[in-house]
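Visitor: Got work.pdb for you, PDB, C-alpha atoms:
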```pdb
ATOM      1  CA  MET G   1      62.775-162.469 -76.262
ATOM      2  CA  LYS G   2      65.863-163.442 -78.318
ATOM      3  CA  GLN G   3      68.135-161.858 -75.709
ATOM      4  CA  THR G   4      66.234-163.710 -72.976
ATOM      5  CA  LEU G   5      66.810-167.074 -74.673
ATOM      6  CA  ILE G   6      70.513-166.319 -75.135
ATOM      7  CA  LEU G   7      70.817-165.372 -71.457
ATOM      8  CA  THR G   8      69.041-168.573 -70.412
ATOM      9  CA  LEU G   9      71.359-170.780 -72.470
ATOM     10  CA  SER G  10      74.378-168.937 -71.076
ATOM     11  CA  LEU G  11      73.215-169.564 -67.508
ATOM     12  CA  LEU G  12      72.569-173.235 -68.222
ATOM     13  CA  LEU G  13      76.046-173.818 -69.663
ATOM     14  CA  ALA G  14      78.253-171.338 -67.831
ATOM     15  CA  PHE G  15      79.300-173.426 -64.820
ATOM     16  CA  PRO G  16      80.537-176.871 -65.999
ATOM     17  CA  VAL G  17      83.968-175.977 -64.575
ATOM     18  CA  TYR G  18      82.533-176.638 -61.115
ATOM     19  CA  SER G  19      80.877-179.939 -61.974
ATOM     20  CA  GLN G  20      83.775-182.072 -60.708
ATOM     21  CA  SER G  21      82.782-181.375 -57.088
ATOM     22  CA  VAL G  22      79.041-180.994 -57.533
ATOM     23  CA  ILE G  23      76.310-181.799 -54.994
ATOM     24  CA  LYS G  24      77.776-184.108 -52.397
ATOM     25  CA  GLU G  25      74.483-185.912 -51.880
ATOM     26  CA  TYR G  26      73.439-186.768 -55.408
ATOM     27  CA  ARG G  27      69.737-187.620 -55.572
ATOM     28  CA  LYS G  28      68.071-188.524 -58.822
ATOM     29  CA  PHE G  29      64.691-187.396 -57.525
ATOM     30  CA  HIS G  30      64.593-183.963 -55.938
ATOM     31  CA  LEU G  31      61.549-182.233 -54.420
ATOM     32  CA  SER G  32      62.032-178.600 -53.448
ATOM     33  CA  VAL G  33      59.536-176.387 -51.594
ATOM     34  CA  ASP G  34      60.330-172.688 -51.262
ATOM     35  CA  ALA G  35      58.634-169.440 -50.320
ATOM     36  CA  GLY G  36      59.711-165.810 -50.360
ATOM     37  CA  TRP G  37      59.008-162.254 -51.500
ATOM     38  CA  ASP G  38      59.385-161.276 -55.146
ATOM     39  CA  PHE G  39      60.431-157.687 -55.935
ATOM     40  CA  VAL G  40      59.302-157.107 -59.498
ATOM     41  CA  GLN G  41      60.228-154.975 -62.486
ATOM     42  CA  GLY G  42      58.585-155.177 -65.896
ATOM     43  CA  THR G  43      55.681-153.991 -68.001
ATOM     44  CA  SER G  44      51.956-154.532 -68.362
ATOM     45  CA  ASN G  45      49.440-152.979 -70.737
ATOM     46  CA  THR G  46      46.068-153.888 -69.237
ATOM     47  CA  ILE G  47      43.943-150.970 -70.500
ATOM     48  CA  LEU G  48      40.546-150.663 -68.798
ATOM     49  CA  SER G  49      39.653-147.249 -70.264
ATOM     50  CA  ASN G  50      41.243-144.387 -72.168
ATOM     51  CA  ASP G  51      42.683-142.927 -68.957
ATOM     52  CA  PHE G  52      43.042-146.023 -66.766
ATOM     53  CA  THR G  53      45.740-148.651 -67.330
ATOM     54  CA  LEU G  54      46.542-151.198 -64.637
ATOM     55  CA  PRO G  55      50.251-151.022 -63.761
ATOM     56  CA  LEU G  56      52.460-153.957 -62.845
ATOM     57  CA  THR G  57      52.450-155.107 -59.237
ATOM     58  CA  LYS G  58      55.819-154.358 -57.644
ATOM     59  CA  LYS G  59      56.021-156.844 -54.763
ATOM     60  CA  GLY G  60      54.369-160.174 -54.087
ATOM     61  CA  PHE G  61      54.520-163.356 -52.032
ATOM     62  CA  THR G  62      55.724-166.322 -54.121
ATOM     63  CA  PRO G  63      55.680-169.896 -52.791
ATOM     64  CA  GLY G  64      56.569-172.709 -55.168
ATOM     65  CA  ILE G  65      57.351-176.391 -55.692
ATOM     66  CA  ASP G  66      59.895-178.002 -58.018
ATOM     67  CA  ALA G  67      59.826-181.771 -58.647
ATOM     68  CA  THR G  68      62.893-182.838 -60.649
ATOM     69  CA  TYR G  69      64.470-186.012 -61.988
ATOM     70  CA  PHE G  70      68.232-185.473 -62.410
ATOM     71  CA  PHE G  71      69.534-187.827 -65.111
ATOM     72  CA  THR G  72      73.047-186.545 -64.303
ATOM     73  CA  LYS G  73      74.439-184.767 -61.255
ATOM     74  CA  ASN G  74      74.062-181.445 -63.027
ATOM     75  CA  TYR G  75      71.064-181.681 -65.346
ATOM     76  CA  GLY G  76      67.483-182.802 -64.981
ATOM     77  CA  ILE G  77      63.893-182.413 -66.128
ATOM     78  CA  GLY G  78      60.831-181.859 -64.013
ATOM     79  CA  VAL G  79      57.724-179.856 -63.204
ATOM     80  CA  LYS G  80      57.530-176.475 -61.517
ATOM     81  CA  TYR G  81      54.615-174.711 -59.831
ATOM     82  CA  ARG G  82      54.514-171.112 -58.647
ATOM     83  CA  PHE G  83      51.884-169.007 -56.931
ATOM     84  CA  TYR G  84      52.150-165.215 -56.958
ATOM     85  CA  LYS G  85      49.972-162.972 -54.778
ATOM     86  CA  ALA G  86      50.292-159.193 -54.768
ATOM     87  CA  SER G  87      48.429-155.904 -54.471
ATOM     88  CA  ARG G  88      49.114-152.440 -55.853
ATOM     89  CA  GLU G  89      47.948-148.976 -54.872
ATOM     90  CA  SER G  90      49.071-145.919 -56.798
ATOM     91  CA  SER G  91      48.139-142.250 -56.978
ATOM     92  CA  SER G  92      48.691-139.423 -59.460
ATOM     93  CA  TYR G  93      47.498-135.883 -60.097
ATOM     94  CA  SER G  94      47.335-133.359 -62.935
ATOM     95  CA  GLU G  95      46.080-129.802 -63.292
ATOM     96  CA  TYR G  96      42.358-129.523 -64.004
ATOM     97  CA  THR G  97      41.794-127.028 -66.856
ATOM     98  CA  GLU G  98      38.162-127.529 -67.853
ATOM     99  CA  GLN G  99      37.068-124.801 -65.423
ATOM    100  CA  THR G 100      38.861-121.648 -64.228
ATOM    101  CA  PHE G 101      39.338-120.913 -60.526
ATOM    102  CA  GLU G 102      41.266-118.335 -58.566
ATOM    103  CA  ASP G 103      43.891-120.947 -57.624
ATOM    104  CA  PRO G 104      45.041-123.931 -59.733
ATOM    105  CA  VAL G 105      42.775-126.953 -59.258
ATOM    106  CA  TYR G 106      44.170-130.448 -59.556
ATOM    107  CA  GLU G 107      42.600-133.771 -60.461
ATOM    108  CA  TYR G 108      43.728-136.589 -58.143
ATOM    109  CA  ASN G 109      43.472-140.307 -58.944
ATOM    110  CA  ASN G 110      43.861-143.200 -56.517
ATOM    111  CA  ASN G 111      43.935-146.713 -57.996
ATOM    112  CA  SER G 112      44.153-150.097 -56.303
ATOM    113  CA  PHE G 113      43.786-153.777 -57.207
ATOM    114  CA  LYS G 114      44.902-157.279 -56.219
ATOM    115  CA  GLU G 115      46.508-159.929 -58.424
ATOM    116  CA  THR G 116      47.004-163.686 -58.115
ATOM    117  CA  THR G 117      48.900-165.850 -60.593
ATOM    118  CA  HIS G 118      49.187-169.639 -60.795
ATOM    119  CA  LEU G 119      51.627-171.272 -63.195
ATOM    120  CA  VAL G 120      52.591-174.902 -63.746
ATOM    121  CA  GLY G 121      54.532-176.718 -66.428
ATOM    122  CA  PRO G 122      57.588-178.745 -67.469
ATOM    123  CA  ALA G 123      61.069-177.298 -67.110
ATOM    124  CA  PHE G 124      64.733-178.100 -67.681
ATOM    125  CA  PHE G 125      66.860-177.824 -64.511
ATOM    126  CA  ALA G 126      70.598-177.417 -63.968
ATOM    127  CA  ARG G 127      72.743-177.035 -60.848
ATOM    128  CA  TRP G 128      76.420-176.722 -59.939
ATOM    129  CA  SER G 129      78.257-176.540 -56.623
ATOM    130  CA  LEU G 130      80.983-173.914 -56.229
ATOM    131  CA  GLY G 131      84.083-175.957 -55.563
ATOM    132  CA  SER G 132      83.946-177.796 -52.237
ATOM    133  CA  THR G 133      81.714-175.192 -50.602
ATOM    134  CA  LYS G 134      78.037-175.439 -49.690
ATOM    135  CA  TRP G 135      77.113-172.793 -52.253
ATOM    136  CA  ILE G 136      75.027-174.075 -55.167
ATOM    137  CA  VAL G 137      74.199-172.250 -58.391
ATOM    138  CA  SER G 138      70.975-173.370 -60.065
ATOM    139  CA  THR G 139      68.866-172.387 -63.033
ATOM    140  CA  ASN G 140      65.796-173.608 -64.890
ATOM    141  CA  ALA G 141      63.696-172.708 -67.897
ATOM    142  CA  GLY G 142      60.323-173.984 -69.024
ATOM    143  CA  VAL G 143      56.976-173.527 -70.704
ATOM    144  CA  VAL G 144      54.044-173.089 -68.309
ATOM    145  CA  TYR G 145      50.267-172.937 -68.248
ATOM    146  CA  LEU G 146      49.300-169.683 -66.523
ATOM    147  CA  HIS G 147      46.115-168.467 -64.823
ATOM    148  CA  ASP G 148      46.005-164.794 -63.839
ATOM    149  CA  LYS G 149      43.262-163.058 -61.855
ATOM    150  CA  ILE G 150      42.836-159.358 -61.080
ATOM    151  CA  SER G 151      40.322-158.494 -58.360
ATOM    152  CA  LYS G 152      39.040-155.618 -56.202
ATOM    153  CA  ILE G 153      39.802-153.034 -58.880
ATOM    154  CA  GLN G 154      39.009-149.567 -57.530
ATOM    155  CA  ARG G 155      39.530-146.091 -58.948
ATOM    156  CA  LYS G 156      38.796-142.854 -57.078
ATOM    157  CA  GLU G 157      38.826-139.411 -58.694
ATOM    158  CA  TYR G 158      38.579-136.148 -56.754
ATOM    159  CA  TYR G 159      39.495-132.502 -57.277
ATOM    160  CA  GLY G 160      40.987-129.724 -55.159
ATOM    161  CA  PHE G 161      43.762-127.177 -54.702
ATOM    162  CA  ILE G 162      46.605-126.938 -52.199
ATOM    163  CA  ASN G 163      46.123-124.048 -49.766
ATOM    164  CA  LYS G 164      48.781-122.033 -47.921
ATOM    165  CA  GLU G 165      49.025-124.649 -45.180
ATOM    166  CA  GLY G 166      49.828-127.345 -47.773
ATOM    167  CA  LEU G 167      46.464-129.067 -47.343
ATOM    168  CA  ILE G 168      44.005-130.041 -50.067
ATOM    169  CA  SER G 169      40.951-127.772 -50.058
ATOM    170  CA  TYR G 170      37.952-127.817 -52.334
ATOM    171  CA  PRO G 171      36.667-124.818 -54.297
ATOM    172  CA  PRO G 172      32.946-124.045 -53.907
ATOM    173  CA  ASP G 173      32.206-125.061 -57.493
ATOM    174  CA  PHE G 174      34.275-128.206 -58.162
ATOM    175  CA  PRO G 175      33.395-131.424 -60.022
ATOM    176  CA  GLU G 176      31.974-134.219 -57.909
ATOM    177  CA  SER G 177      34.278-136.954 -56.714
ATOM    178  CA  LYS G 178      33.956-140.322 -58.435
ATOM    179  CA  ARG G 179      34.525-143.800 -57.073
ATOM    180  CA  LEU G 180      34.575-146.439 -59.797
ATOM    181  CA  GLY G 181      34.589-150.215 -59.343
ATOM    182  CA  TYR G 182      35.344-152.840 -61.974
ATOM    183  CA  SER G 183      34.454-156.496 -62.279
ATOM    184  CA  ASP G 184      37.102-159.083 -61.468
ATOM    185  CA  LEU G 185      39.138-160.187 -64.500
ATOM    186  CA  SER G 186      40.808-163.535 -65.161
ATOM    187  CA  GLY G 187      42.435-165.321 -68.066
ATOM    188  CA  ASN G 188      44.566-168.295 -69.094
ATOM    189  CA  THR G 189      47.495-168.613 -71.469
ATOM    190  CA  ILE G 190      50.804-170.335 -72.178
ATOM    191  CA  GLY G 191      53.963-168.534 -71.074
ATOM    192  CA  PHE G 192      57.728-168.857 -70.783
ATOM    193  CA  THR G 193      59.545-168.815 -67.467
ATOM    194  CA  LEU G 194      63.193-168.836 -66.430
ATOM    195  CA  SER G 195      65.032-168.617 -63.150
ATOM    196  CA  ALA G 196      68.635-168.416 -61.939
ATOM    197  CA  GLY G 197      69.913-168.149 -58.404
ATOM    198  CA  ILE G 198      72.397-169.117 -55.746
ATOM    199  CA  ARG G 199      71.722-170.741 -52.390
ATOM    200  CA  TYR G 200      73.653-171.868 -49.339
ATOM    201  CA  GLN G 201      72.904-175.451 -48.321
ATOM    202  CA  ILE G 202      72.681-175.140 -44.521
ATOM    203  CA  PHE G 203      71.685-178.794 -44.117
ATOM    204  CA  PRO G 204      71.063-181.502 -46.737
ATOM    205  CA  PHE G 205      67.343-180.747 -46.458
ATOM    206  CA  LEU G 206      67.469-176.959 -45.893
ATOM    207  CA  GLY G 207      68.937-174.062 -47.843
ATOM    208  CA  ALA G 208      68.553-170.301 -48.181
ATOM    209  CA  GLY G 209      69.301-168.096 -51.148
ATOM    210  CA  ILE G 210      68.291-165.502 -53.682
ATOM    211  CA  SER G 211      67.132-165.873 -57.273
ATOM    212  CA  ALA G 212      66.070-163.885 -60.303
ATOM    213  CA  ASN G 213      62.817-165.064 -61.877
ATOM    214  CA  GLY G 214      61.309-164.102 -65.216
ATOM    215  CA  LEU G 215      57.804-164.668 -66.545
ATOM    216  CA  PHE G 216      56.722-163.726 -70.066
ATOM    217  CA  ALA G 217      53.123-164.289 -71.148
ATOM    218  CA  SER G 218      50.265-162.625 -73.012
ATOM    219  CA  ILE G 219      46.545-163.139 -72.384
ATOM    220  CA  SER G 220      44.679-162.129 -75.540
ATOM    221  CA  LYS G 221      41.281-161.853 -73.852
ATOM    222  CA  MET G 222      40.256-161.857 -70.200
ATOM    223  CA  GLU G 223      37.149-163.926 -69.488
ATOM    224  CA  GLN G 224      34.902-161.142 -68.178
ATOM    225  CA  ALA G 225      35.761-158.477 -70.760
ATOM    226  CA  ASN G 226      37.412-157.944 -74.115
ATOM    227  CA  ILE G 227      40.635-156.848 -72.417
ATOM    228  CA  SER G 228      44.132-158.189 -73.064
ATOM    229  CA  ARG G 229      46.981-158.375 -70.565
ATOM    230  CA  LYS G 230      50.686-158.749 -71.209
ATOM    231  CA  ILE G 231      52.919-159.876 -68.380
ATOM    232  CA  ASN G 232      56.660-159.257 -68.712
ATOM    233  CA  ARG G 233      57.741-159.761 -65.127
ATOM    234  CA  ILE G 234      61.289-160.052 -63.794
ATOM    235  CA  GLY G 235      61.654-160.327 -60.052
ATOM    236  CA  VAL G 236      64.331-160.884 -57.430
ATOM    237  CA  SER G 237      63.331-163.000 -54.456
ATOM    238  CA  ALA G 238      64.861-164.310 -51.241
ATOM    239  CA  ALA G 239      63.566-167.669 -50.109
ATOM    240  CA  ILE G 240      63.989-170.643 -47.780
ATOM    241  CA  ASP G 241      64.320-173.944 -49.660
ATOM    242  CA  PHE G 242      63.321-177.333 -48.239
ATOM    243  CA  SER G 243      64.665-180.330 -50.190
ATOM    244  CA  PHE G 244      63.480-183.938 -49.957
TER
END
```
Rewrite the structure of this file - the entire thing - as structure tokens.
Guide:
Amino acid sequence: MKQTLILTLSLLLAFPVYSQSVIKEYRKFHLSVDAGWDFVQGTSNTILSNDFTLPLTKKGFTPGIDATYFFTKNYGIGVKYRFYKASRESSSYSEYTEQTFEDPVYEYNNNSFKETTHLVGPAFFARWSLGSTKWIVSTNAGVVYLHDKISKIQRKEYYGFINKEGLISYPPDFPESKRLGYSDLSGNTIGFTLSAGIRYQIFPFLGAGISANGLFASISKMEQANISRKINRIGVSAAIDFSF
């Protein structure tokens, strides 16, 4: 977290050299609506059982709104809202050793779930234009109220061995397949968010760009079960930005 704060401050202060030719159309009030796909890296430790931990979703759709009051051409304060919607399906296998068969038998696991996240809160915004071009570097950091929901949690377990044709076959005396379902989980917490990106201002009201977005939060207890969830999510997204 200390490194994250240092990086945020560096991003906020790194570009004053460009401030002499910043944003041609200076507006004190700025409303931005954007939407794009977030490609995520990070960690999560949502443990549902001894052998079942929900992984982090890797890709999601992320629309958002930023409402900002710029008290200078470069710096402002405002409110940000983001919505994240994603799903994840993963599979794994390991050798089954509780019984002995002529050929090695493997235990296969298929897991799937859906996740939605809402976050809203105050943030500090900064922006700089790159010389006299239409390229704009922007960054923001804030504290947000977060609601996270995990739904349609499914886990399927089955057993088999791979035959000579490379297909999964089932021995005559193999454990029964299991299909497990879990209740939906949701929780609320306070988190920290930061973002930095660059966009090309096609028109005064329309831009396109890419950004890196970080979200760091911890839910101590989900509402439907005594389960905690940590979210350390860093994503890269491409989005269309409408400014008013």
Visitor: Which of these residues is nearest to Ile219 (chain G), using all atoms listed in the file: G:His147, G:Arg82, G:Lys59, G:Lys114?
Guide: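 So, comparing all the options, the nearest one is G:His147.
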Visitor: Could you check the closest approach to Val79 (chain G) for each of G:Trp128, G:Thr43, G:Val144, G:Ile240 and tell me which residue wins, using only C-alpha atoms?
Guide: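 With only C-alpha atoms as the atom set, the closest residue is G:Val144.
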Visitor: Would you kindly translate the PyMOL selection byres ((chain G and resi 115) around 10) into the concrete residues it picks from this file, as a VMD selection string?
Guide: chain G and resid 56 to 57 60 84 to 88 113 to 114 116 to 117 148 to 153 184 to 186
Visitor: Expand the PyMOL selection byres ((chain G and resi 229) around 10) into the explicit residue set it covers here, and present it as a VMD selection string.
Guide: chain G and resid 44 to 47 54 148 186 to 187 217 to 222 227 to 228 230 to 232
Visitor: Output C-alpha atoms for every residue in the selection just made, as a compact mmCIF listing (two decimals), keeping the file's coordinate frame.
Guide:
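Contents of the output file result_35.txt:
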```txt
# COMPACT_ATOMS: atom_id res chain seq x y z
CA SER G 44 51.96 -154.53 -68.36
CA ASN G 45 49.44 -152.98 -70.74
CA THR G 46 46.07 -153.89 -69.24
CA ILE G 47 43.94 -150.97 -70.50
CA LEU G 54 46.54 -151.20 -64.64
CA ASP G 148 46.00 -164.79 -63.84
CA SER G 186 40.81 -163.54 -65.16
CA GLY G 187 42.44 -165.32 -68.07
CA ALA G 217 53.12 -164.29 -71.15
CA SER G 218 50.26 -162.62 -73.01
CA ILE G 219 46.54 -163.14 -72.38
CA SER G 220 44.68 -162.13 -75.54
CA LYS G 221 41.28 -161.85 -73.85
CA MET G 222 40.26 -161.86 -70.20
CA ILE G 227 40.64 -156.85 -72.42
CA SER G 228 44.13 -158.19 -73.06
CA LYS G 230 50.69 -158.75 -71.21
CA ILE G 231 52.92 -159.88 -68.38
CA ASN G 232 56.66 -159.26 -68.71
```
Visitor: What would the selection look like, as an MDAnalysis selection string, if the PyMOL selection byres ((chain G and resi 210) around 8) were run on the coordinates I just shared?
Guide: chainID G and resid 197:199 208:209 211:212 236:239
Visitor: So the first atom is CA of Asn226 (chain G) and the second is CA of Ile190 (chain G); what is the distance between them in Å, to one decimal place?
Guide: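 Interatomic distance, CA of Asn226 (chain G) to CA of Ile190 (chain G): 18.3 Å.
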Visitor: Rank nothing, just name the residue among G:Phe61, G:Tyr93, G:Tyr106, G:Tyr81 nearest to Pro122 (chain G), using all atoms listed in the file.
Guide: G:Tyr81
Visitor: Record the distance separating CA of Tyr145 (chain G) and CA of Gly36 (chain G), expressed in Å with one decimal.
Guide: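 A separation of 21.4 Å between them.
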Visitor: May I ask for the distance between CA of Leu31 (chain G) and CA of Gly121 (chain G), given in Å to one decimal place?
Guide: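 Distance between the two atoms: 15.0 Å.
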Visitor: Can you tell me, as an MDAnalysis selection string, what residues are no more than 7 Å from Gln41 (chain G) when counting all atoms listed in the file, ignoring any on the same chain fewer than 5 positions away?
Guide: chainID G and resid 58 233:235
Visitor: Quick one: write out the picked residues with C-alpha atoms as a JSON list (two decimals), in the frame of the given file?
Guide:
```json
[["chain", "number", "residue", "atom", "x", "y", "z"],
["G", 58, "LYS", "CA", 55.82, -154.36, -57.64],
["G", 233, "ARG", "CA", 57.74, -159.76, -65.13],
["G", 234, "ILE", "CA", 61.29, -160.05, -63.79],
["G", 235, "GLY", "CA", 61.65, -160.33, -60.05]]
```
Visitor: Give, as AutoDock Vina command-line options, the centre coordinates and the x, y and z edge lengths in Å to one decimal for an axis-aligned box around all listed atoms of region 76-91 of chain G, padded by 5 Å on each side.
Guide:
```
--center_x 57.7 --center_y -162.5 --center_z -60.3 --size_x 29.5 --size_y 50.6 --size_z 21.7
```
Visitor: Excluding Asn111 (chain G) and its own-chain neighbours fewer than 3 positions away, which residues fall within 9 Å of it when counting all atoms listed in the file? Please give them as an MDAnalysis selection string.
Guide: chainID G and resid 52 54 88:92 153:157
Visitor: Would you save the residues from that selection as a PDB file, in the frame of the given file, using C-alpha atoms?
Guide:
```pdb
ATOM      1  CA  PHE G  52      43.042-146.023 -66.766  1.00  0.00           C
ATOM      2  CA  LEU G  54      46.542-151.198 -64.637  1.00  0.00           C
ATOM      3  CA  ARG G  88      49.114-152.440 -55.853  1.00  0.00           C
ATOM      4  CA  GLU G  89      47.948-148.976 -54.872  1.00  0.00           C
ATOM      5  CA  SER G  90      49.071-145.919 -56.798  1.00  0.00           C
ATOM      6  CA  SER G  91      48.139-142.250 -56.978  1.00  0.00           C
ATOM      7  CA  SER G  92      48.691-139.423 -59.460  1.00  0.00           C
ATOM      8  CA  ILE G 153      39.802-153.034 -58.880  1.00  0.00           C
ATOM      9  CA  GLN G 154      39.009-149.567 -57.530  1.00  0.00           C
ATOM     10  CA  ARG G 155      39.530-146.091 -58.948  1.00  0.00           C
ATOM     11  CA  LYS G 156      38.796-142.854 -57.078  1.00  0.00           C
ATOM     12  CA  GLU G 157      38.826-139.411 -58.694  1.00  0.00           C
TER      13      GLU G 157
END
```
Visitor: Using all atoms listed in the file, find the one residue out of G:Ile202, G:Tyr159, G:Val120, G:Ala225 that sits nearest to Thr133 (chain G).
Guide: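 Closest to Thr133 (chain G), using all atoms listed in the file: G:Ile202.
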Visitor: So which residues touch Ser138 (chain G) within 6 Å, counting only C-alpha atoms, skipping near sequence neighbours fewer than 5 positions away, as a list of chain:residue names?
Guide: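 In the requested form, the answer reads G:Ala126, G:Arg127, G:Ala196, G:Gly197.
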Visitor: Using only C-alpha atoms, which of the listed residues (G:Asn188, G:Asn213, G:Gln224, G:Ser129) sits closest to Lys73 (chain G)?
Guide: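 Among the listed residues, the smallest separation from Lys73 (chain G) belongs to G:Ser129.
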Visitor: Would you list the contacts of Gly207 (chain G) as a ChimeraX atom specification, taking every protein, DNA or RNA residue within 12 Å and counting all atoms listed in the file, but skipping same-chain residues closer than 6 positions in sequence?
Guide: /G:32-35,134-137,198-201,238-244
